[in-house]
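A.B. asks: My structure is stored as target.txt, with compact mmCIF, C-alpha atoms.
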# COMPACT_ATOMS: atom_id res chain seq x y z
CA MET A 1 -5.90 -11.71 -33.64
CA LYS A 2 -4.25 -13.43 -36.57
CA ILE A 3 -0.89 -15.19 -36.19
CA THR A 4 1.23 -16.68 -38.94
CA THR A 5 3.43 -19.47 -37.59
CA ILE A 6 6.53 -20.12 -39.71
CA ILE A 7 8.17 -23.52 -39.39
CA GLY A 8 10.33 -25.72 -41.55
CA ALA A 9 12.38 -28.23 -39.54
CA ARG A 10 11.66 -31.07 -37.12
CA PRO A 11 12.51 -29.22 -33.87
CA GLN A 12 10.20 -26.39 -34.95
CA PHE A 13 7.31 -28.79 -35.57
CA ILE A 14 7.66 -30.03 -31.99
CA LYS A 15 7.76 -26.53 -30.48
CA ALA A 16 4.97 -25.18 -32.69
CA ALA A 17 2.72 -28.10 -31.69
CA MET A 18 2.69 -26.92 -28.10
CA ILE A 19 1.81 -23.34 -29.03
CA SER A 20 -0.92 -24.60 -31.39
CA HIS A 21 -2.37 -26.66 -28.54
CA ALA A 22 -2.30 -23.58 -26.29
CA ILE A 23 -4.07 -21.53 -28.96
CA ALA A 24 -6.74 -24.23 -29.33
CA ALA A 25 -7.28 -24.26 -25.56
CA HIS A 26 -7.56 -20.46 -25.53
CA ASN A 27 -10.13 -20.52 -28.32
CA GLN A 28 -12.36 -22.79 -26.24
CA LEU A 29 -12.63 -20.19 -23.47
CA VAL A 30 -15.88 -18.25 -23.33
CA GLY A 31 -15.70 -14.48 -23.61
CA TYR A 32 -12.21 -14.24 -25.08
CA ALA A 33 -11.31 -13.04 -28.57
CA GLN A 34 -10.45 -15.88 -30.92
CA ILE A 35 -6.94 -16.39 -32.27
CA GLU A 36 -6.56 -17.43 -35.89
CA GLU A 37 -3.35 -19.36 -36.48
CA ILE A 38 -2.10 -19.78 -40.04
CA ILE A 39 0.70 -22.34 -40.31
CA LEU A 40 3.27 -21.82 -43.04
CA HIS A 41 5.66 -24.72 -43.67
CA THR A 42 8.71 -23.72 -45.71
CA GLY A 43 9.55 -27.30 -46.66
CA GLN A 44 13.08 -27.16 -45.20
CA HIS A 45 12.46 -30.68 -43.89
CA TYR A 46 10.17 -32.33 -46.38
CA ASP A 47 10.01 -36.14 -46.50
CA ASP A 48 7.60 -38.18 -44.40
CA HIS A 49 10.15 -39.18 -41.75
CA MET A 50 11.36 -35.60 -41.35
CA SER A 51 8.06 -33.76 -41.63
CA ALA A 52 4.60 -35.26 -42.16
CA ILE A 53 4.82 -37.85 -39.39
CA PHE A 54 5.48 -35.09 -36.85
CA PHE A 55 2.25 -33.32 -37.82
CA ARG A 56 0.33 -36.58 -37.38
CA GLU A 57 1.89 -37.61 -34.08
CA LEU A 58 1.78 -34.20 -32.42
CA ASP A 59 -1.73 -33.28 -33.58
CA ILE A 60 -0.54 -30.18 -35.42
CA PRO A 61 -3.08 -28.60 -37.77
CA GLU A 62 -2.21 -29.07 -41.43
CA PRO A 63 -0.24 -26.11 -42.81
CA LYS A 64 -2.33 -23.73 -44.86
CA TYR A 65 0.78 -23.08 -46.92
CA ASN A 66 3.58 -25.49 -47.78
CA LEU A 67 6.26 -23.74 -49.79
CA GLY A 68 8.07 -26.98 -50.71
CA ILE A 69 11.44 -25.28 -50.93
CA GLY A 70 13.58 -28.17 -49.70
CA SER A 71 17.36 -28.38 -49.51
CA ALA A 72 19.75 -25.87 -51.06
CA SER A 73 22.73 -23.72 -50.12
CA HIS A 74 22.08 -21.31 -47.25
CA GLY A 75 21.81 -18.27 -49.51
CA ARG A 76 19.59 -19.88 -52.12
CA GLN A 77 17.33 -21.57 -49.57
CA THR A 78 16.91 -18.44 -47.44
CA GLY A 79 16.33 -16.26 -50.50
CA GLN A 80 13.65 -18.55 -51.89
CA MET A 81 11.95 -18.68 -48.51
CA LEU A 82 12.10 -14.91 -48.13
CA MET A 83 10.35 -14.33 -51.45
CA ALA A 84 7.66 -16.94 -50.85
CA ILE A 85 6.98 -15.94 -47.23
CA GLU A 86 6.62 -12.31 -48.26
CA GLU A 87 3.87 -13.26 -50.72
CA VAL A 88 1.95 -15.14 -48.03
CA LEU A 89 2.30 -12.33 -45.50
CA LEU A 90 1.08 -9.76 -48.02
CA LYS A 91 -1.95 -11.94 -48.68
CA GLU A 92 -2.77 -12.82 -45.05
CA ARG A 93 -1.75 -9.58 -43.28
CA PRO A 94 -1.31 -11.19 -39.84
CA ASP A 95 -0.95 -9.22 -36.62
CA TRP A 96 2.04 -11.31 -35.59
CA VAL A 97 4.57 -13.65 -37.15
CA LEU A 98 5.69 -16.42 -34.83
CA ILE A 99 9.16 -17.89 -35.42
CA TYR A 100 11.03 -20.68 -33.66
CA GLY A 101 14.65 -21.45 -32.95
CA ASP A 102 17.51 -20.89 -35.35
CA THR A 103 16.96 -22.37 -38.82
CA ASN A 104 16.95 -20.67 -42.21
CA SER A 105 13.15 -20.74 -41.98
CA THR A 106 13.44 -18.66 -38.79
CA LEU A 107 15.70 -16.10 -40.44
CA ALA A 108 13.61 -15.83 -43.61
CA GLY A 109 10.44 -15.38 -41.57
CA ALA A 110 12.03 -12.66 -39.45
CA LEU A 111 13.36 -10.79 -42.49
CA ALA A 112 10.10 -10.98 -44.44
CA ALA A 113 7.97 -9.85 -41.49
CA SER A 114 10.37 -7.06 -40.55
CA LYS A 115 10.37 -5.53 -44.02
CA LEU A 116 6.56 -5.59 -44.03
CA HIS A 117 6.40 -4.02 -40.53
CA ILE A 118 4.66 -7.04 -39.02
CA ARG A 119 5.43 -7.74 -35.38
CA ILE A 120 7.60 -10.76 -34.68
CA ALA A 121 7.56 -13.10 -31.68
CA HIS A 122 10.60 -15.37 -31.34
CA VAL A 123 10.14 -18.56 -29.34
CA GLU A 124 13.49 -19.77 -27.93
CA ALA A 125 15.08 -16.33 -28.09
CA GLY A 126 18.40 -15.41 -26.53
CA LEU A 127 20.37 -18.59 -27.09
CA ARG A 128 24.03 -18.14 -27.97
CA SER A 129 26.87 -20.53 -28.74
CA PHE A 130 29.18 -17.54 -29.36
CA ASN A 131 30.45 -19.30 -32.46
CA ARG A 132 29.73 -17.14 -35.51
CA LEU A 133 30.97 -19.91 -37.80
CA MET A 134 27.70 -21.72 -37.11
CA PRO A 135 24.91 -20.62 -39.48
CA GLU A 136 22.45 -21.22 -36.65
CA GLU A 137 24.19 -18.58 -34.55
CA ILE A 138 23.81 -15.96 -37.29
CA ASN A 139 20.14 -16.87 -37.62
CA ARG A 140 19.60 -16.48 -33.87
CA VAL A 141 21.34 -13.12 -33.57
CA VAL A 142 19.59 -11.54 -36.55
CA SER A 143 16.17 -12.92 -35.61
CA ASP A 144 16.48 -11.63 -32.06
CA GLN A 145 17.47 -8.18 -33.27
CA LEU A 146 14.36 -8.01 -35.45
CA SER A 147 11.88 -9.44 -32.94
CA HIS A 148 9.40 -7.43 -30.91
CA LEU A 149 8.66 -10.17 -28.40
CA LEU A 150 11.50 -12.41 -27.23
CA LEU A 151 10.34 -15.54 -25.43
CA CYS A 152 13.30 -16.98 -23.54
CA PRO A 153 13.75 -20.46 -22.09
CA SER A 154 16.12 -19.42 -19.28
CA GLN A 155 17.74 -16.57 -17.37
CA VAL A 156 20.96 -17.23 -19.30
CA ALA A 157 19.09 -16.41 -22.52
CA ILE A 158 17.79 -13.17 -21.00
CA ASP A 159 21.31 -12.25 -19.88
CA ASN A 160 22.63 -12.92 -23.40
CA LEU A 161 20.08 -10.51 -24.85
CA ALA A 162 20.82 -7.86 -22.22
CA ALA A 163 24.52 -8.06 -23.13
CA GLU A 164 23.52 -7.18 -26.69
CA GLY A 165 21.37 -4.28 -25.52
CA ILE A 166 18.03 -6.07 -25.96
CA THR A 167 15.78 -5.65 -22.92
CA LYS A 168 12.45 -4.49 -24.35
CA GLY A 169 9.84 -7.15 -25.03
CA VAL A 170 11.90 -9.85 -23.29
CA SER A 171 10.06 -12.50 -21.28
CA ILE A 172 11.15 -15.72 -19.56
CA THR A 173 8.70 -18.48 -20.41
CA GLY A 174 10.67 -21.69 -20.08
CA ASP A 175 11.15 -24.09 -22.93
CA VAL A 176 8.06 -25.31 -24.80
CA MET A 177 9.85 -28.59 -25.54
CA ALA A 178 9.37 -29.62 -21.90
CA GLY A 179 5.65 -29.95 -22.55
CA ALA A 180 6.28 -31.62 -25.89
CA LEU A 181 8.51 -34.24 -24.29
CA GLN A 182 5.94 -34.95 -21.59
CA PHE A 183 3.24 -35.30 -24.26
CA ALA A 184 5.40 -37.55 -26.44
CA ALA A 185 6.66 -39.74 -23.60
CA THR A 186 3.09 -40.55 -22.59
CA ARG A 187 2.10 -41.35 -26.17
CA ALA A 188 5.33 -43.26 -26.89
CA SER A 189 4.76 -45.63 -23.98
CA VAL A 190 1.60 -46.79 -25.77
CA HIS A 191 2.27 -46.28 -29.46
CA SER A 192 5.99 -46.98 -29.96
CA ASP A 193 7.35 -50.51 -30.37
CA ILE A 194 10.77 -49.41 -31.61
CA LEU A 195 12.74 -51.14 -28.84
CA ALA A 196 11.06 -54.48 -29.47
CA SER A 197 11.42 -54.17 -33.24
CA LEU A 198 15.17 -53.56 -32.89
CA GLY A 199 15.61 -56.22 -30.19
CA LEU A 200 16.87 -53.68 -27.64
CA ARG A 201 16.77 -53.88 -23.88
CA PRO A 202 16.67 -50.80 -21.61
CA GLN A 203 20.14 -49.43 -20.81
CA GLY A 204 21.59 -51.88 -23.34
CA TYR A 205 22.50 -49.44 -26.12
CA ILE A 206 23.63 -45.93 -26.99
CA PHE A 207 21.42 -43.63 -29.04
CA ALA A 208 23.25 -41.32 -31.47
CA THR A 209 22.33 -38.51 -33.86
CA VAL A 210 24.58 -36.38 -36.07
CA HIS A 211 23.25 -33.66 -38.37
CA ARG A 212 25.02 -30.32 -37.92
CA ALA A 213 27.03 -29.03 -40.87
CA GLU A 214 30.12 -28.55 -38.70
CA ASN A 215 30.24 -32.35 -38.28
CA THR A 216 28.74 -33.69 -41.52
CA ASP A 217 30.51 -31.33 -43.92
CA ASN A 218 33.92 -31.80 -42.32
CA SER A 219 35.31 -35.17 -43.38
CA GLN A 220 37.78 -35.42 -40.48
CA ARG A 221 35.16 -34.65 -37.84
CA LEU A 222 32.68 -37.12 -39.31
CA GLU A 223 35.35 -39.81 -39.57
CA ASN A 224 36.35 -39.21 -35.93
CA ILE A 225 32.73 -39.56 -34.80
CA VAL A 226 32.14 -42.76 -36.79
CA SER A 227 35.37 -44.30 -35.50
CA ALA A 228 34.39 -43.37 -31.92
CA PHE A 229 31.11 -45.24 -32.37
CA ALA A 230 33.10 -48.31 -33.42
CA SER A 231 35.37 -48.06 -30.38
CA LEU A 232 32.49 -48.14 -27.91
CA ASN A 233 32.03 -51.90 -28.35
CA GLU A 234 28.33 -51.78 -27.51
CA PRO A 235 25.22 -51.31 -29.65
CA VAL A 236 24.89 -47.83 -31.14
CA ILE A 237 21.50 -46.98 -32.66
CA PHE A 238 22.10 -44.32 -35.30
CA PRO A 239 19.11 -42.84 -37.18
CA VAL A 240 20.76 -40.98 -40.04
CA HIS A 241 19.87 -37.49 -41.14
CA PRO A 242 19.77 -37.25 -44.98
CA ARG A 243 22.76 -34.89 -44.99
CA THR A 244 24.79 -37.32 -42.88
CA ARG A 245 23.82 -40.31 -45.03
CA LYS A 246 24.88 -38.41 -48.15
CA PHE A 247 28.37 -37.75 -46.81
CA LEU A 248 28.80 -41.23 -45.38
CA LYS A 249 28.03 -42.68 -48.81
CA GLU A 250 30.13 -40.18 -50.78
CA ARG A 251 33.18 -40.77 -48.60
CA GLY A 252 32.76 -44.52 -48.41
CA TYR A 253 32.79 -44.76 -44.63
CA LYS A 254 32.32 -48.30 -43.33
CA LEU A 255 30.35 -48.51 -40.10
CA SER A 256 31.29 -51.24 -37.63
CA GLU A 257 28.94 -54.09 -36.77
CA ASN A 258 27.95 -52.56 -33.43
CA VAL A 259 26.35 -49.57 -35.23
CA THR A 260 22.77 -49.90 -36.47
CA LEU A 261 22.22 -47.39 -39.27
CA MET A 262 18.57 -46.56 -39.91
CA ASP A 263 16.29 -43.93 -41.44
CA PRO A 264 15.16 -40.98 -39.28
CA VAL A 265 12.58 -42.07 -36.72
CA SER A 266 9.33 -40.47 -35.61
CA TYR A 267 9.23 -38.26 -32.54
CA PHE A 268 7.52 -40.94 -30.47
CA ASP A 269 10.13 -43.52 -31.47
CA SER A 270 12.92 -41.03 -30.83
CA VAL A 271 11.64 -40.29 -27.33
CA ALA A 272 11.25 -44.03 -26.64
CA LEU A 273 14.86 -44.63 -27.72
CA GLU A 274 16.13 -41.69 -25.67
CA THR A 275 14.24 -42.76 -22.55
CA SER A 276 15.75 -46.25 -22.45
CA ALA A 277 19.26 -45.46 -23.71
CA ARG A 278 22.35 -45.80 -21.54
CA PHE A 279 23.82 -42.68 -23.18
CA LEU A 280 22.87 -40.14 -25.81
CA LEU A 281 25.55 -39.04 -28.28
CA THR A 282 24.36 -36.04 -30.27
CA ASP A 283 25.05 -32.66 -31.84
CA SER A 284 21.36 -31.72 -31.53
CA GLY A 285 20.31 -28.90 -29.24
CA GLY A 286 16.90 -30.40 -28.57
CA MET A 287 18.25 -33.79 -27.56
CA GLN A 288 20.60 -32.21 -25.02
CA LYS A 289 17.56 -30.82 -23.19
CA GLU A 290 15.54 -34.01 -23.60
CA ALA A 291 18.43 -36.04 -22.20
CA TYR A 292 18.54 -33.76 -19.17
CA TRP A 293 14.80 -33.95 -18.53
CA LEU A 294 14.89 -37.75 -18.92
CA LYS A 295 17.98 -38.03 -16.66
CA VAL A 296 19.95 -39.78 -19.39
CA PRO A 297 23.67 -38.88 -19.63
CA CYS A 298 24.47 -36.90 -22.77
CA ILE A 299 27.74 -36.58 -24.68
CA THR A 300 27.51 -33.60 -27.04
CA MET A 301 29.69 -33.87 -30.13
CA ARG A 302 30.25 -30.14 -30.46
CA ASP A 303 32.84 -27.73 -29.14
CA GLU A 304 30.24 -25.48 -27.51
CA THR A 305 26.55 -25.48 -26.69
CA GLU A 306 23.74 -22.97 -26.25
CA TRP A 307 22.36 -25.11 -23.42
CA VAL A 308 25.18 -24.36 -21.01
CA GLU A 309 23.13 -25.19 -17.92
CA THR A 310 23.07 -28.89 -18.89
CA VAL A 311 26.88 -28.92 -18.95
CA GLU A 312 27.19 -26.96 -15.70
CA SER A 313 24.84 -29.46 -14.06
CA GLY A 314 27.17 -32.33 -14.94
CA TRP A 315 24.61 -34.23 -17.03
CA ASN A 316 26.05 -33.15 -20.39
CA VAL A 317 29.69 -33.41 -21.52
CA LEU A 318 31.14 -31.49 -24.46
CA ALA A 319 33.42 -33.85 -26.37
CA GLY A 320 33.69 -32.12 -29.75
CA ALA A 321 34.36 -34.42 -32.66
CA ASP A 322 37.41 -35.92 -30.98
CA HIS A 323 37.56 -39.72 -30.98
CA ASP A 324 39.28 -40.09 -27.62
CA ARG A 325 37.19 -37.47 -25.84
CA ILE A 326 33.95 -39.09 -27.01
CA VAL A 327 35.03 -42.60 -25.97
CA ASN A 328 36.51 -41.47 -22.65
CA ALA A 329 33.40 -39.44 -21.82
CA VAL A 330 31.21 -42.52 -22.26
CA ARG A 331 33.55 -44.74 -20.27
CA THR A 332 34.19 -42.39 -17.35
CA PHE A 333 30.89 -40.55 -16.92
CA THR A 334 29.47 -40.49 -13.40
CA ALA A 335 25.94 -39.22 -12.90
CA PRO A 336 25.71 -36.25 -10.51
CA MET A 337 23.79 -36.58 -7.27
CA GLU A 338 21.72 -33.47 -8.05
CA HIS A 339 19.21 -32.95 -10.84
CA LEU A 340 17.89 -29.40 -10.64
CA PRO A 341 14.82 -28.27 -12.59
CA LEU A 342 15.86 -26.49 -15.78
CA TYR A 343 14.00 -24.72 -18.60
CA GLY A 344 10.51 -24.63 -17.21
CA ASP A 345 7.69 -27.13 -17.35
CA SER A 346 4.65 -28.22 -19.33
CA GLU A 347 3.10 -24.74 -18.96
CA SER A 348 5.78 -22.98 -21.01
CA ALA A 349 3.63 -22.83 -24.16
CA ALA A 350 0.77 -21.28 -22.20
CA ARG A 351 3.20 -18.69 -20.82
CA CYS A 352 4.36 -17.89 -24.37
CA LEU A 353 0.78 -17.31 -25.48
CA HIS A 354 0.02 -15.24 -22.38
CA ALA A 355 3.04 -13.00 -23.10
CA LEU A 356 1.84 -12.59 -26.68
CA LEU A 357 -1.68 -11.65 -25.61
CA GLU A 358 -0.36 -9.25 -22.97
CA SER A 359 1.76 -7.46 -25.56
CA CYS A 360 -1.40 -6.72 -27.54
CA GLU A 361 -3.20 -5.00 -24.66
What does the file become when written as structure tokens?
C.D. replies:
Amino acid sequence: MKITTIIGARPQFIKAAMISHAIAAHNQLVGYAQIEEIILHTGQHYDDHMSAIFFRELDIPEPKYNLGIGSASHGRQTGQMLMAIEEVLLKERPDWVLIYGDTNSTLAGALAASKLHIRIAHVEAGLRSFNRLMPEEINRVVSDQLSHLLLCPSQVAIDNLAAEGITKGVSITGDVMAGALQFAATRASVHSDILASLGLRPQGYIFATVHRAENTDNSQRLENIVSAFASLNEPVIFPVHPRTRKFLKERGYKLSENVTLMDPVSYFDSVALETSARFLLTDSGGMQKEAYWLKVPCITMRDETEWVETVESGWNVLAGADHDRIVNAVRTFTAPMEHLPLYGDSESAARCLHALLESCE
């Protein structure tokens, strides 16, 4: 069986690493047909901090194809990806195309494969924010409609698909990022010295990330978030996504002395910073889950989330981009007594591969 894995952004590198490891383990079994995985990197995230270091740290095979498309408007970027992915798929003729999450790379991969009548497996299917203003939501909905195998992290995701009339090919596998976090946390404890290099002590800082267009492209929302950081009066470690840095510079925002602005960090360093933080402030979907698994309180700077179970559990608070709500959430948060298991375990990637192999029988 030949699989083409399409990835382009940091969260996809992390998820794809776990499936690649599962494929490698399968290929070591005696008496089973081999799986050929061809990795196609669109180039959506392209510099060393956003891309190459993840391949090195997570032991991901080098992409056979790197399209090098980079940043652009949604239409231009998706269109360029669609054309280039189609050429690769025509050349390779895989049995399956494997897509992840909700980026433009996901959408372009789903469209290209669908038009060529190649079966599509969507890892992290069924998530919904129910906000069609988010480009990620459009990417999720369209990709799920085109997919033949929908690999869901939770029952909520399955219920979302059922509400849209999608029940065929749906499987609950758990979230492959659970295994990735476990892998990275073990490695980070040995290989990351980020806390020492920044002079941080455990529980002595807040770790923050901001990258979604709804926050970076809206000057009022970004200003509210930056001013909330200043009002916290404790160290805020803020690795800056290139989009966020661009807007901070263009608009001349001055960050207060308690905020440490830095380049994006590696996955191991990110996990090390998350593990020892007093709070996480983020608009990232992946970090909401990681915060939950690590039992670190999370304040999500969005008005809604796909990971509703983390909010219902009491470990995640939706604060939007409102200065007072962000500050008050940090100051008044009380950790719940319960911490229920959510989104599967380290075997989720193996379950994804098993579902894929079963669908071929």
A.B. asks: With the cut-off set at 12 Å and counting all atoms listed in the file, tabulate each residue of region 281-316 of chain A with an atom at most that distance from an atom of region 149-162 of chain A, showing the nearest atom pair and its distance in Å to one decimal, ordered by chain and increasing number, as a Markdown table.
C.D. replies:
| residue | atom | partner | partner_atom | distance |
| --- | --- | --- | --- | --- |
| A:Lys289 | CA | A:Pro153 | CA | 11.1 |
| A:Glu306 | CA | A:Ala157 | CA | 8.9 |
| A:Trp307 | CA | A:Val156 | CA | 9.0 |
| A:Val308 | CA | A:Val156 | CA | 8.5 |
| A:Glu309 | CA | A:Val156 | CA | 8.4 |
| A:Thr310 | CA | A:Ser154 | CA | 11.8 |
A.B. asks: Just write the chosen residues, C-alpha atoms, as a PDB file, in the frame of the given file.
C.D. replies:
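Final file, part_21.pdb:
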ATOM      1  CA  LYS A 289      17.560 -30.820 -23.190  1.00  0.00           C
ATOM      2  CA  GLU A 306      23.740 -22.970 -26.250  1.00  0.00           C
ATOM      3  CA  TRP A 307      22.360 -25.110 -23.420  1.00  0.00           C
ATOM      4  CA  VAL A 308      25.180 -24.360 -21.010  1.00  0.00           C
ATOM      5  CA  GLU A 309      23.130 -25.190 -17.920  1.00  0.00           C
ATOM      6  CA  THR A 310      23.070 -28.890 -18.890  1.00  0.00           C
TER       7      THR A 310
END
A.B. asks: Could you state the separation of CA of Thr4 (chain A) and CA of Ile39 (chain A) in Å, given to one decimal place?
C.D. replies: 5.8 Å
A.B. asks: Using only C-alpha atoms for the distances, tell me which of A:Ala213, A:Leu357, A:Ala291, A:Ile3 is nearest to Met177 (chain A).
C.D. replies: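 Smallest separation from Met177 (chain A) among the options: A:Ala291.
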A.B. asks: Can you pull out the residues contacting region 332-335 of chain A? Cut-off 8 Å, using only C-alpha atoms, and skip same-chain residues under 5 positions away; I want them as a tab-separated table (two decimals) with C-alpha atoms, keeping the file's coordinate frame.
C.D. replies:
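Result went into part19.tsv, see below:
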chain	number	residue	atom	x	y	z
A	297	PRO	CA	23.67	-38.88	-19.63
A	314	GLY	CA	27.17	-32.33	-14.94
A	315	TRP	CA	24.61	-34.23	-17.03
A.B. asks: For a quick check of understanding, using only C-alpha atoms, which of A:Gln44, A:Gln203, A:Thr305, A:Ser313 has the smallest distance to Ala272 (chain A)?
C.D. replies: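 Result for the nearest residue to Ala272 (chain A): A:Gln203.
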A.B. asks: Within 10 Å of (9.6, -9.5, -42.2) in the file's own coordinates, which protein, DNA or RNA residues have an atom, counting all atoms listed in the file? List them as a PDB file with C-alpha atoms, in the frame of the given file.
C.D. replies:
ATOM      1  CA  LEU A  82      12.100 -14.910 -48.130  1.00  0.00           C
ATOM      2  CA  ILE A  85       6.980 -15.940 -47.230  1.00  0.00           C
ATOM      3  CA  GLU A  86       6.620 -12.310 -48.260  1.00  0.00           C
ATOM      4  CA  LEU A  89       2.300 -12.330 -45.500  1.00  0.00           C
ATOM      5  CA  VAL A  97       4.570 -13.650 -37.150  1.00  0.00           C
ATOM      6  CA  LEU A 107      15.700 -16.100 -40.440  1.00  0.00           C
ATOM      7  CA  ALA A 108      13.610 -15.830 -43.610  1.00  0.00           C
ATOM      8  CA  GLY A 109      10.440 -15.380 -41.570  1.00  0.00           C
ATOM      9  CA  ALA A 110      12.030 -12.660 -39.450  1.00  0.00           C
ATOM     10  CA  LEU A 111      13.360 -10.790 -42.490  1.00  0.00           C
ATOM     11  CA  ALA A 112      10.100 -10.980 -44.440  1.00  0.00           C
ATOM     12  CA  ALA A 113       7.970  -9.850 -41.490  1.00  0.00           C
ATOM     13  CA  SER A 114      10.370  -7.060 -40.550  1.00  0.00           C
ATOM     14  CA  LYS A 115      10.370  -5.530 -44.020  1.00  0.00           C
ATOM     15  CA  LEU A 116       6.560  -5.590 -44.030  1.00  0.00           C
ATOM     16  CA  HIS A 117       6.400  -4.020 -40.530  1.00  0.00           C
ATOM     17  CA  ILE A 118       4.660  -7.040 -39.020  1.00  0.00           C
ATOM     18  CA  ARG A 119       5.430  -7.740 -35.380  1.00  0.00           C
ATOM     19  CA  ILE A 120       7.600 -10.760 -34.680  1.00  0.00           C
ATOM     20  CA  SER A 143      16.170 -12.920 -35.610  1.00  0.00           C
ATOM     21  CA  LEU A 146      14.360  -8.010 -35.450  1.00  0.00           C
ATOM     22  CA  SER A 147      11.880  -9.440 -32.940  1.00  0.00           C
TER      23      SER A 147
END
A.B. asks: Please identify all polymer residues lying at most 7 Å from the point (-4.1, -17.0, -35.0) (file coordinates), using only C-alpha atoms, and present the result as an MDAnalysis selection string.
C.D. replies: chainID A and resid 1:4 35:38
A.B. asks: Hey, which of A:Glu274, A:Glu338, A:Asp322, A:Asp303 ends up closest to Leu181 (chain A)? Count all atoms listed in the file.
C.D. replies: A:Glu274
A.B. asks: Which is closer to Thr5 (chain A) than all the others in A:Asp95, A:Glu312, A:Asp59, A:Asp345, using all atoms listed in the file?
C.D. replies: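 Checking each candidate against Thr5 (chain A), we get A:Asp95 as the closest.
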A.B. asks: Rank nothing, just name the residue among A:Ser20, A:Asn215, A:Thr42, A:Gln77 nearest to His241 (chain A), using all atoms listed in the file.
C.D. replies: A:Asn215
A.B. asks: As an exercise, work out the distance from CA of Ala184 (chain A) to CA of Tyr205 (chain A) in Å and give it to one decimal place.
C.D. replies: 20.8 Å
A.B. asks: Can you pull out the residues contacting Glu223 (chain A)? Cut-off 12 Å, using all atoms listed in the file, and skip same-chain residues under 2 positions away; I want them as a list in words.
C.D. replies: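 With the cut-off at 12 Å, the set is Val210, Asn215, Thr216, Asp217, Asn218, Ser219, Gln220, Arg221, Ile225, Val226, Ser227, Ala228, Phe229, Ala230, Thr244, Phe247, Leu248, Arg251, Gly252, Tyr253, Lys254, Leu255, Ala321, Asp322 and His323 of chain A.
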A.B. asks: Grab the residues selected above and save them as an mmCIF file, keeping the file's coordinate frame with C-alpha atoms.
C.D. replies:
data_model
loop_
_atom_site.group_PDB
_atom_site.id
_atom_site.type_symbol
_atom_site.label_atom_id
_atom_site.label_comp_id
_atom_site.auth_asym_id
_atom_site.auth_seq_id
_atom_site.Cartn_x
_atom_site.Cartn_y
_atom_site.Cartn_z
ATOM 1 C CA VAL A 210 24.580 -36.380 -36.070
ATOM 2 C CA ASN A 215 30.240 -32.350 -38.280
ATOM 3 C CA THR A 216 28.740 -33.690 -41.520
ATOM 4 C CA ASP A 217 30.510 -31.330 -43.920
ATOM 5 C CA ASN A 218 33.920 -31.800 -42.320
ATOM 6 C CA SER A 219 35.310 -35.170 -43.380
ATOM 7 C CA GLN A 220 37.780 -35.420 -40.480
ATOM 8 C CA ARG A 221 35.160 -34.650 -37.840
ATOM 9 C CA ILE A 225 32.730 -39.560 -34.800
ATOM 10 C CA VAL A 226 32.140 -42.760 -36.790
ATOM 11 C CA SER A 227 35.370 -44.300 -35.500
ATOM 12 C CA ALA A 228 34.390 -43.370 -31.920
ATOM 13 C CA PHE A 229 31.110 -45.240 -32.370
ATOM 14 C CA ALA A 230 33.100 -48.310 -33.420
ATOM 15 C CA THR A 244 24.790 -37.320 -42.880
ATOM 16 C CA PHE A 247 28.370 -37.750 -46.810
ATOM 17 C CA LEU A 248 28.800 -41.230 -45.380
ATOM 18 C CA ARG A 251 33.180 -40.770 -48.600
ATOM 19 C CA GLY A 252 32.760 -44.520 -48.410
ATOM 20 C CA TYR A 253 32.790 -44.760 -44.630
ATOM 21 C CA LYS A 254 32.320 -48.300 -43.330
ATOM 22 C CA LEU A 255 30.350 -48.510 -40.100
ATOM 23 C CA ALA A 321 34.360 -34.420 -32.660
ATOM 24 C CA ASP A 322 37.410 -35.920 -30.980
ATOM 25 C CA HIS A 323 37.560 -39.720 -30.980
#
